[in-house]
Structure formats: C-alpha cells, structure tokens
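Listing of model17.csv; format and content: CSV, C-alpha atoms and all ligand atoms.
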```csv
chain,number,residue,atom,x,y,z
A,31,MET,CA,13.0,10.1,-17.3
A,32,THR,CA,12.2,7.0,-15.3
A,33,GLU,CA,13.7,6.9,-11.9
A,34,PRO,CA,13.3,3.6,-10.0
A,35,ILE,CA,12.0,4.0,-6.5
A,36,VAL,CA,11.7,0.3,-5.7
A,37,GLU,CA,14.0,-2.3,-7.3
A,38,ILE,CA,13.5,-5.9,-6.1
A,39,LYS,CA,15.8,-8.6,-7.4
A,40,ASN,CA,15.1,-12.3,-7.0
A,41,ILE,CA,13.7,-12.3,-3.5
A,42,HIS,CA,12.7,-15.6,-1.8
A,43,LYS,CA,10.8,-15.9,1.5
A,44,SER,CA,9.7,-19.0,3.3
A,45,PHE,CA,7.7,-19.4,6.5
A,46,GLY,CA,8.9,-22.8,7.8
A,47,PRO,CA,8.5,-25.3,5.0
A,48,LEU,CA,6.1,-23.0,3.0
A,49,GLU,CA,7.9,-21.0,0.3
A,50,VAL,CA,5.8,-17.9,-0.2
A,51,LEU,CA,8.0,-15.8,-2.5
A,52,LYS,CA,9.8,-17.9,-5.1
A,53,GLY,CA,12.1,-15.5,-6.8
A,54,VAL,CA,10.3,-12.1,-7.3
A,55,ASP,CA,11.7,-9.3,-9.5
A,56,PHE,CA,9.8,-6.1,-9.2
A,57,THR,CA,10.5,-2.5,-10.1
A,58,VAL,CA,8.4,0.6,-9.4
A,59,ASN,CA,9.3,4.0,-10.9
A,60,LYS,CA,8.8,7.4,-9.4
A,61,GLY,CA,5.2,8.6,-9.8
A,62,GLU,CA,4.0,5.1,-10.8
A,63,VAL,CA,0.8,3.6,-9.4
A,64,VAL,CA,1.1,-0.2,-9.4
A,65,CYS,CA,-1.7,-2.5,-8.3
A,66,LEU,CA,-0.8,-6.0,-7.1
A,67,ILE,CA,-3.5,-8.6,-7.7
A,68,GLY,CA,-3.8,-12.3,-7.3
A,69,ARG,CA,-5.4,-15.1,-5.4
A,70,SER,CA,-5.4,-15.4,-1.6
A,71,GLY,CA,-2.1,-16.8,-0.5
A,72,SER,CA,-0.2,-15.9,-3.6
A,73,GLY,CA,2.2,-13.7,-1.6
A,74,LYS,CA,1.0,-10.2,-2.2
A,75,SER,CA,1.0,-9.0,1.4
A,76,THR,CA,4.4,-10.7,2.0
A,77,LEU,CA,5.9,-8.9,-0.9
A,78,LEU,CA,4.5,-5.6,0.3
A,79,ARG,CA,5.6,-6.2,3.9
A,80,CYS,CA,9.2,-7.0,2.6
A,81,ILE,CA,9.3,-3.5,1.1
A,82,ASN,CA,8.9,-1.8,4.5
A,83,LEU,CA,10.8,-4.4,6.4
A,84,LEU,CA,7.9,-5.9,8.3
A,85,GLU,CA,9.2,-9.1,6.8
A,86,LYS,CA,12.8,-9.9,5.8
A,87,PRO,CA,13.4,-12.0,2.7
A,88,ASP,CA,15.6,-15.0,3.0
A,89,SER,CA,17.6,-14.0,-0.1
A,90,GLY,CA,17.6,-11.4,-2.8
A,91,VAL,CA,18.1,-7.6,-3.0
A,92,ILE,CA,15.7,-4.7,-2.3
A,93,ASN,CA,16.8,-1.2,-3.2
A,94,VAL,CA,14.4,1.6,-2.2
A,95,PHE,CA,15.2,5.2,-2.9
A,96,GLY,CA,18.6,3.9,-4.2
A,97,GLN,CA,19.4,2.4,-0.8
A,98,ASP,CA,20.0,-1.3,0.0
A,99,ILE,CA,17.3,-1.5,2.7
A,100,LEU,CA,18.1,-5.1,3.8
A,101,HIS,CA,21.4,-3.8,5.1
A,102,THR,CA,20.4,-0.4,6.3
A,103,ARG,CA,21.5,0.5,9.8
A,104,ASN,CA,18.6,2.9,10.4
A,105,VAL,CA,15.3,1.0,9.8
A,106,ASN,CA,13.2,3.6,11.5
A,107,ALA,CA,14.6,6.5,9.3
A,108,TYR,CA,13.9,4.3,6.3
A,109,ARG,CA,10.4,3.4,7.4
A,110,ALA,CA,9.5,7.1,8.1
A,111,GLN,CA,9.7,7.7,4.3
A,112,VAL,CA,7.3,4.9,3.5
A,113,GLY,CA,3.6,5.3,4.3
A,114,MET,CA,1.6,2.1,4.9
A,115,CYS,CA,-2.2,1.6,5.1
A,116,PHE,CA,-3.5,-1.8,6.1
A,117,GLN,CA,-6.9,-3.4,6.0
A,118,GLN,CA,-7.4,-2.9,9.7
A,119,PHE,CA,-6.6,0.9,9.9
A,120,ASN,CA,-4.3,0.4,13.0
A,121,LEU,CA,-5.3,3.7,14.6
A,122,PHE,CA,-4.7,4.4,18.3
A,123,ASN,CA,-8.1,4.1,20.0
A,124,ASN,CA,-6.9,6.0,23.0
A,125,MET,CA,-6.3,9.2,21.0
A,126,ASN,CA,-8.6,11.4,19.1
A,127,VAL,CA,-8.4,11.8,15.3
A,128,LEU,CA,-6.1,14.8,15.4
A,129,GLU,CA,-3.8,13.2,18.0
A,130,ASN,CA,-3.5,10.1,15.8
A,131,CYS,CA,-2.1,12.3,13.1
A,132,VAL,CA,0.1,14.6,15.3
A,133,LYS,CA,1.8,12.1,17.7
A,134,PRO,CA,3.7,10.1,15.1
A,135,GLN,CA,5.0,13.3,13.5
A,136,LEU,CA,6.3,14.5,16.9
A,137,LYS,CA,8.0,11.1,17.5
A,138,VAL,CA,9.6,10.6,14.1
A,139,LEU,CA,10.0,14.0,12.4
A,140,HIS,CA,11.0,16.0,15.5
A,141,ILE,CA,9.0,19.1,14.5
A,142,SER,CA,7.1,21.5,16.7
A,143,LYS,CA,3.6,20.6,17.9
A,144,ASN,CA,2.2,23.6,16.0
A,145,GLU,CA,3.8,22.6,12.8
A,146,ALA,CA,2.6,19.0,13.2
A,147,THR,CA,-1.0,20.2,14.0
A,148,GLU,CA,-1.0,22.4,11.0
A,149,LYS,CA,0.1,19.5,8.8
A,150,ALA,CA,-2.4,17.1,10.4
A,151,LEU,CA,-5.3,19.5,9.8
A,152,LYS,CA,-4.2,20.0,6.2
A,153,PHE,CA,-4.3,16.3,5.4
A,154,LEU,CA,-7.4,15.6,7.4
A,155,ASP,CA,-9.1,18.3,5.3
A,156,LYS,CA,-7.7,16.6,2.2
A,157,VAL,CA,-9.4,13.3,3.1
A,158,GLY,CA,-12.6,15.1,4.2
A,159,MET,CA,-12.1,14.4,7.9
A,160,LYS,CA,-11.1,17.8,9.3
A,161,LYS,CA,-14.5,18.3,11.0
A,162,PHE,CA,-13.8,15.1,13.0
A,163,ALA,CA,-10.5,16.3,14.3
A,164,GLY,CA,-11.7,16.2,17.9
A,165,ALA,CA,-13.6,12.9,17.6
A,166,ASP,CA,-12.9,9.7,19.4
A,167,VAL,CA,-11.7,7.3,16.7
A,168,ARG,CA,-14.0,4.6,18.2
A,169,THR,CA,-17.0,6.6,17.1
A,170,LEU,CA,-16.0,6.6,13.4
A,171,SER,CA,-17.2,4.4,10.6
A,172,GLY,CA,-14.7,2.1,8.8
A,173,GLY,CA,-14.4,4.4,5.8
A,174,GLN,CA,-13.8,7.4,8.1
A,175,LYS,CA,-11.1,5.5,10.0
A,176,GLN,CA,-9.4,4.5,6.8
A,177,ARG,CA,-9.4,8.1,5.6
A,178,VAL,CA,-7.8,9.2,8.9
A,179,ALA,CA,-5.2,6.4,8.5
A,180,ILE,CA,-4.4,7.8,5.1
A,181,ALA,CA,-4.1,11.3,6.4
A,182,ARG,CA,-1.9,10.1,9.2
A,183,ALA,CA,0.4,8.4,6.7
A,184,LEU,CA,0.5,11.6,4.5
A,185,CYS,CA,1.6,13.7,7.5
A,186,MET,CA,4.9,11.9,7.3
A,187,SER,CA,5.5,13.2,3.7
A,188,PRO,CA,6.1,9.7,2.4
A,189,LYS,CA,8.0,9.2,-0.8
A,190,LEU,CA,6.2,5.9,-1.3
A,191,MET,CA,2.8,4.7,-0.1
A,192,LEU,CA,1.9,1.1,0.3
A,193,PHE,CA,-1.7,0.0,0.7
A,194,ASP,CA,-2.7,-3.6,1.6
A,195,GLU,CA,-6.4,-4.1,0.8
A,196,PRO,CA,-7.4,-0.8,2.3
A,197,THR,CA,-11.1,-1.3,1.4
A,198,SER,CA,-11.6,-5.0,2.1
A,199,ALA,CA,-12.8,-4.6,5.7
A,200,LEU,CA,-15.2,-1.8,4.8
A,201,ASP,CA,-19.0,-2.0,4.2
A,202,PRO,CA,-19.6,-1.6,0.5
A,203,GLU,CA,-21.1,1.9,0.8
A,204,MET,CA,-17.8,3.1,2.3
A,205,VAL,CA,-15.5,1.7,-0.3
A,206,GLY,CA,-16.0,4.6,-2.7
A,207,GLU,CA,-15.0,7.3,-0.3
A,208,VAL,CA,-11.6,5.7,0.4
A,209,LEU,CA,-10.9,4.8,-3.2
A,210,SER,CA,-11.6,8.4,-4.3
A,211,VAL,CA,-9.0,9.7,-1.8
A,212,MET,CA,-6.5,7.2,-3.2
A,213,LYS,CA,-7.4,8.1,-6.7
A,214,GLU,CA,-6.7,11.8,-5.9
A,215,LEU,CA,-3.2,10.8,-4.5
A,216,ALA,CA,-2.5,8.8,-7.6
A,217,ASN,CA,-3.4,11.8,-9.8
A,218,GLU,CA,-1.1,14.0,-7.8
A,219,GLY,CA,1.8,11.8,-8.8
A,220,LEU,CA,2.5,10.0,-5.5
A,221,THR,CA,4.3,6.7,-6.0
A,222,MET,CA,1.9,4.0,-4.8
A,223,ILE,CA,1.8,0.2,-4.6
A,224,ILE,CA,-1.7,-1.1,-3.9
A,225,VAL,CA,-2.8,-4.6,-3.1
A,226,THR,CA,-6.4,-4.8,-4.0
A,227,HIS,CA,-9.3,-6.9,-5.1
A,228,GLU,CA,-11.1,-3.9,-6.5
A,229,MET,CA,-10.6,-4.7,-10.2
A,230,ASN,CA,-12.4,-1.7,-11.5
A,231,PHE,CA,-10.3,0.6,-9.3
A,232,ALA,CA,-7.1,-1.2,-10.4
A,233,ARG,CA,-8.1,-0.8,-14.0
A,234,ASP,CA,-8.9,2.9,-13.5
A,235,VAL,CA,-5.9,4.2,-11.5
A,236,SER,CA,-3.0,1.9,-12.3
A,237,ASP,CA,-0.1,2.6,-14.6
A,238,ARG,CA,0.7,-1.0,-14.3
A,239,ILE,CA,-1.0,-4.1,-12.9
A,240,VAL,CA,1.1,-7.0,-11.5
A,241,PHE,CA,-0.6,-10.4,-11.3
A,242,MET,CA,1.0,-12.6,-8.6
A,243,ASP,CA,0.4,-16.3,-8.7
A,244,GLN,CA,1.9,-18.9,-6.3
A,245,GLY,CA,4.7,-16.8,-5.1
A,246,LYS,CA,5.8,-15.4,-8.5
A,247,ILE,CA,4.9,-12.6,-10.8
A,248,GLU,CA,3.0,-14.4,-13.5
A,249,GLU,CA,2.3,-11.4,-15.7
A,250,GLN,CA,2.4,-7.6,-15.6
A,251,GLY,CA,1.4,-4.9,-17.9
A,252,SER,CA,-0.8,-1.9,-18.5
A,253,PRO,CA,-4.4,-2.3,-17.4
A,254,ASP,CA,-5.6,-2.5,-21.0
A,255,GLN,CA,-3.0,-5.1,-21.9
A,256,LEU,CA,-3.7,-7.2,-18.9
A,257,PHE,CA,-7.5,-7.1,-19.0
A,258,ASN,CA,-7.9,-7.2,-22.8
A,259,THR,CA,-5.0,-9.4,-24.0
A,260,PRO,CA,-3.5,-11.4,-21.1
A,261,LYS,CA,-0.7,-13.5,-22.3
A,262,SER,CA,-1.0,-16.2,-19.7
A,263,GLU,CA,-3.9,-18.6,-19.2
A,264,ARG,CA,-3.6,-18.3,-15.5
A,265,THR,CA,-4.0,-14.5,-15.7
A,266,ARG,CA,-7.0,-14.9,-17.9
A,267,SER,CA,-8.7,-17.4,-15.7
A,268,PHE,CA,-8.1,-15.3,-12.6
A,269,LEU,CA,-9.4,-12.1,-14.2
A,270,ASN,CA,-12.5,-13.9,-15.6
A,271,ALA,CA,-13.3,-15.3,-12.1
A,272,SER,CA,-12.8,-11.9,-10.5
A,273,ILE,CA,-15.0,-10.1,-13.0
A,274,ALA,CA,-17.7,-12.8,-12.6
A,275,ASN,CA,-17.6,-12.3,-8.8
A,276,ALA,CA,-17.9,-8.6,-9.1
A,277,ARG,CA,-21.1,-8.9,-11.1
A,301,LIG,N1,4.0,-14.7,9.4
A,301,LIG,C1,3.6,-15.8,8.7
A,301,LIG,N2,3.8,-17.0,9.3
A,301,LIG,C2,3.4,-18.1,8.6
A,301,LIG,N3,2.8,-18.2,7.4
A,301,LIG,C3,2.6,-17.0,6.8
A,301,LIG,C4,2.9,-15.7,7.5
A,301,LIG,N4,2.5,-14.7,6.7
A,301,LIG,C5,2.0,-15.3,5.6
A,301,LIG,N5,2.0,-16.6,5.7
A,301,LIG,C6,1.5,-17.5,4.7
A,301,LIG,O1,2.1,-17.2,3.4
A,301,LIG,C7,1.2,-17.3,2.3
A,301,LIG,C8,1.1,-16.0,1.6
A,301,LIG,O2,0.5,-15.1,2.4
A,301,LIG,P1,0.2,-13.6,2.0
A,301,LIG,O3,-0.4,-12.9,3.2
A,301,LIG,O4,1.4,-13.0,1.4
A,301,LIG,O5,-0.8,-13.8,0.8
A,301,LIG,P2,-1.8,-12.8,0.1
A,301,LIG,O6,-1.5,-12.9,-1.4
A,301,LIG,O7,-1.6,-11.4,0.7
A,301,LIG,O8,-3.2,-13.4,0.4
A,301,LIG,P3,-4.6,-12.6,0.8
A,301,LIG,O9,-5.2,-12.2,-0.6
A,301,LIG,O10,-5.4,-13.7,1.4
A,301,LIG,O11,-4.3,-11.4,1.7
A,301,LIG,C9,-0.1,-17.8,2.9
A,301,LIG,O12,-0.2,-19.2,2.8
A,301,LIG,C10,0.0,-17.4,4.4
A,301,LIG,O13,-0.7,-18.3,5.2
A,302,MG,MG,-2.8,-10.2,1.8
```

Let me see the structure of the file written as structure tokens.
Ligand SMILES: Nc1ncnc2c1ncn2[C@@H]1O[C@H](COP(=O)(O)OP(=O)(O)OP(=O)(O)O)[C@@H](O)[C@H]1O
Ligand SMILES: [Mg+2]
Amino acid sequence: MTEPIVEIKNIHKSFGPLEVLKGVDFTVNKGEVVCLIGRSGSGKSTLLRCINLLEKPDSGVINVFGQDILHTRNVNAYRAQVGMCFQQFNLFNNMNVLENCVKPQLKVLHISKNEATEKALKFLDKVGMKKFAGADVRTLSGGQKQRVAIARALCMSPKLMLFDEPTSALDPEMVGEVLSVMKELANEGLTMIIVTHEMNFARDVSDRIVFMDQGKIEEQGSPDQLFNTPKSERTRSFLNASIANAR
C-alpha cells in the first residue's frame, strides 16, 4: 500500500519580488526515491529546503509523516527525523570523523556515548569510512567527506533523506563512490528526495523523476517515461541539453 511521507499542496515562496515557487504540489510515498531535476534557478533547492523548514513557504501546506510541519511546535524534533546532505558537506572541521557522527546523536537522540559510537562505526563502515574514524576531516577528499556526511545523517535513523546536489562539488573521479553509497540506500528502501544533475544516476535509481521549471513542476513520471516519451516540449529540450552536456 502506498503511504505518503511527504504531501505538499500548492506552496508558494518568494524572495522579495522574485517568486521562486509558484504553486507546487508534490507527494513522495514511503520507500520511494524521487529525483528533482531542472535548470539552475528553477526552485529545486528552495523546494527541498521547505521540506526540512530551512525555508518557510509563504502559503500552502506541507505534511510530512502525517504532521502539518508548518505549524509544528517542535521543529528540532521534526528535523531529527529528516536527514539532509548538501553540496558542501557541512562537517565540523574541529572534530574528527567519528566525533562528527557521534556528537549530533548525543545532542539530539540523548543516547549513551557507547551506543552513539557503536552506531557511528556501523554507518562509517557502511560508507567505507570506518578506517578513517580517527582522521581529521580536513585531511579527507571531497568524496570521503561526503560519505562521512551521509554516515552522520544515517546515525540519526532518518525516516526521510534529502540530498541537494551531493556530488556537484566533487572531482569527477569521486562522484561514483558517493553515488554508489546513495544507490545502496535506495535499494534498501530508504525514502529519498535527491536534487541532482547526474542524469544517468537519476535514470538508474529513481522510482520517479520530477522536472521543475520556473518554479513549477512541469512534468513527472518514471525514468523511462520522462526520458523516452516526455509530454512537454520544455522537458524534452532540457533533457536533450543535459544529455548533450554529459557526452
Ligand atoms: N535566500 C534567498 N534569498 C534570495 N533569493 C534566493 C534565496 N534562495 C534562493 N534564491 C533565488 O531563488 C531562485 C531559485 O533558487 P534555488 O536555489 O531554489 O534554485 P535551484 O533550482 O536549486 O538552482 P541550482 O540548480 O542553481 O542550485 C534563484 O533565482 C535564487 O537566486
Ligand atoms: Mg540548488
């Protein structure tokens, strides 16, 4: 049975005179992997940031886990259930790899240090970074940092993971190691929303691809449907340009 995790109804968001989200309806079901694609400035990051309340829409409704998050009293308790990975990793440079994964758990989950450490090592192992547990994060490559950031997010046992272009700050040879970790999470049934320019990855892992254009969802569908038989001319021209760039 489909169980909606995220239900967005008619959200609008402006920054001053610039209307960035112009009435977006968007649903994600449990276990679904949805990729958000679209041109720069189309509102992808803003939509994602609304889902974990880094931005607040001017109007509309967002229900996540069946809860009206725009009127929730406990934003921190809500955010603890939503993992987020950004382009720029956002690790704490003054802590080593293990501490980066342990400290947020102690702060938010109120579990013992032993339990937090055990969990951190489990997820660092999962992303292939256990052997770097004692390393200073400044000494890591971009791909390694992003894998630590993913492990850190997983330590919080998120019910939903949001990724905003997690590979676009990486050197090309490091993109694959991060995408393969994400692919594994997708295969395990974690509900994920991923903003990406990696069209092959989107095609490969998504249950659904959502094409955003000028603050609206222009078209959405299965990867096959969107890539092979796009309904809209705007979708077609965006995909053709993206595929040409990737060659
Ligand atoms: N905090 C902000 N203040 C003012 N303008 C903003 C803010 N955040 C985003 N914008 C503007 O809103 C528009 C949409 O931005 P958004 O980051 O959502 O686009 P995007 O689709 O993620 O683009 P990209 O692919 O470049 O990341 C852009 O014109 C951007 O400059
Ligand atoms: Mg963006």

Exercise. What's the 8 Å shell around Gly172 (chain A), counting only C-alpha atoms, without same-chain residues fewer than 5 positions away, as JSON, numbers by chain?
Worked result: {"A": [199, 200, 201, 204]}

Print the selection's residues with C-alpha atoms to a file, as a PDB file, in the frame of the given file.
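Result saved to part-v5.pdb:
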```
ATOM      1  CA  ALA A 199     -12.800  -4.600   5.700  1.00  0.00           C
ATOM      2  CA  LEU A 200     -15.200  -1.800   4.800  1.00  0.00           C
ATOM      3  CA  ASP A 201     -19.000  -2.000   4.200  1.00  0.00           C
ATOM      4  CA  MET A 204     -17.800   3.100   2.300  1.00  0.00           C
TER       5      MET A 204
END
```

For this session: Identify, counting all atoms listed in the file, the protein, DNA and RNA residues located within 8 Å of ligand MG 302 (chain A), and give them as a VMD selection string.
Result: chain A and resid 70 to 71 73 to 76 194 to 195 225

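Considering the residues A:Leu83, A:Val240, A:Val91, A:Ile35 and counting only C-alpha atoms, Gly61 (chain A) has its shortest atom-to-atom contact with A:Ile35.
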
For this session: Could the residues that lie within 10 Å of ligand LIG 301 (chain A), counting only C-alpha atoms and all ligand atoms, be listed as an MDAnalysis selection string?
Result: chainID A and resid 43:51 66:80 84:85 117 194:195 198 225:227 242:245

With C-alpha atoms retained, could you export that selection as an mmCIF file, in the frame of the given file?
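New file again08.cif:
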```cif
data_model
loop_
_atom_site.group_PDB
_atom_site.id
_atom_site.type_symbol
_atom_site.label_atom_id
_atom_site.label_comp_id
_atom_site.auth_asym_id
_atom_site.auth_seq_id
_atom_site.Cartn_x
_atom_site.Cartn_y
_atom_site.Cartn_z
ATOM 1 C CA LYS A 43 10.800 -15.900 1.500
ATOM 2 C CA SER A 44 9.700 -19.000 3.300
ATOM 3 C CA PHE A 45 7.700 -19.400 6.500
ATOM 4 C CA GLY A 46 8.900 -22.800 7.800
ATOM 5 C CA PRO A 47 8.500 -25.300 5.000
ATOM 6 C CA LEU A 48 6.100 -23.000 3.000
ATOM 7 C CA GLU A 49 7.900 -21.000 0.300
ATOM 8 C CA VAL A 50 5.800 -17.900 -0.200
ATOM 9 C CA LEU A 51 8.000 -15.800 -2.500
ATOM 10 C CA LEU A 66 -0.800 -6.000 -7.100
ATOM 11 C CA ILE A 67 -3.500 -8.600 -7.700
ATOM 12 C CA GLY A 68 -3.800 -12.300 -7.300
ATOM 13 C CA ARG A 69 -5.400 -15.100 -5.400
ATOM 14 C CA SER A 70 -5.400 -15.400 -1.600
ATOM 15 C CA GLY A 71 -2.100 -16.800 -0.500
ATOM 16 C CA SER A 72 -0.200 -15.900 -3.600
ATOM 17 C CA GLY A 73 2.200 -13.700 -1.600
ATOM 18 C CA LYS A 74 1.000 -10.200 -2.200
ATOM 19 C CA SER A 75 1.000 -9.000 1.400
ATOM 20 C CA THR A 76 4.400 -10.700 2.000
ATOM 21 C CA LEU A 77 5.900 -8.900 -0.900
ATOM 22 C CA LEU A 78 4.500 -5.600 0.300
ATOM 23 C CA ARG A 79 5.600 -6.200 3.900
ATOM 24 C CA CYS A 80 9.200 -7.000 2.600
ATOM 25 C CA LEU A 84 7.900 -5.900 8.300
ATOM 26 C CA GLU A 85 9.200 -9.100 6.800
ATOM 27 C CA GLN A 117 -6.900 -3.400 6.000
ATOM 28 C CA ASP A 194 -2.700 -3.600 1.600
ATOM 29 C CA GLU A 195 -6.400 -4.100 0.800
ATOM 30 C CA SER A 198 -11.600 -5.000 2.100
ATOM 31 C CA VAL A 225 -2.800 -4.600 -3.100
ATOM 32 C CA THR A 226 -6.400 -4.800 -4.000
ATOM 33 C CA HIS A 227 -9.300 -6.900 -5.100
ATOM 34 C CA MET A 242 1.000 -12.600 -8.600
ATOM 35 C CA ASP A 243 0.400 -16.300 -8.700
ATOM 36 C CA GLN A 244 1.900 -18.900 -6.300
ATOM 37 C CA GLY A 245 4.700 -16.800 -5.100
#
```

For this session: Could you please give me, as a PyMOL selection string, the residues of protein, DNA or RNA lying at most 12 Å from (-1.4, 12.2, -11.3) in the coordinate frame of the file, considering all atoms listed in the file?
Result: chain A and resi 60-63+212-222+235-237

Exercise. Hey, can you check how far CA of Gln174 (chain A) sits from CA of Val132 (chain A)?
Worked result: 17.2 Å

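Shortest atom-to-atom contact with Lys39 (chain A) among A:Leu192, A:Val94, A:Val64, A:Ala274: A:Val94, counting all atoms listed in the file.
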
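Interatomic distance, CA of Ala110 (chain A) against CA of Ala183 (chain A): 9.3 Å.
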
Problem set entry | Polymer residues at most 12 Å from Leu170 (chain A), all atoms listed in the file, same-chain spacing of 4 or more positions, as a VMD selection string | chain A and resid 119 121 123 126 to 127 159 162 to 166 174 to 179 204

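Nearest to Phe95 (chain A) of all the residues A:Asn120, A:Asn40, A:Asn82, A:Ser262 is A:Asn82, based on all atoms listed in the file.
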
Exercise. Mind pulling up the distance from CA of Asp98 (chain A) to CA of Gln111 (chain A)?
Worked result: 14.3 Å

For this session: Give me the residues within 12 Å of Pro260 (chain A) as JSON, numbers by chain, counting all atoms listed in the file and dropping any in the same chain fewer than 6 places off.
Result: {"A": [239, 240, 241, 248, 249, 250, 251, 252, 253, 254, 266, 267, 268, 269, 270]}

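Between Phe257 (chain A) and the residues A:Val138, A:Ile273, A:Arg168, A:Lys143, the shortest atom-to-atom distance, using only C-alpha atoms, involves A:Ile273.
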
Problem set entry | From A:Ile141, A:Pro188, A:Phe193, A:Glu203, residue lying nearest Ala107 (chain A) [all atoms listed in the file] | A:Pro188

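Using all atoms listed in the file, the shortest contact distance between Asp88 (chain A) and any of A:Met229, A:Ile41, A:Cys115, A:Met125 is found at A:Ile41.
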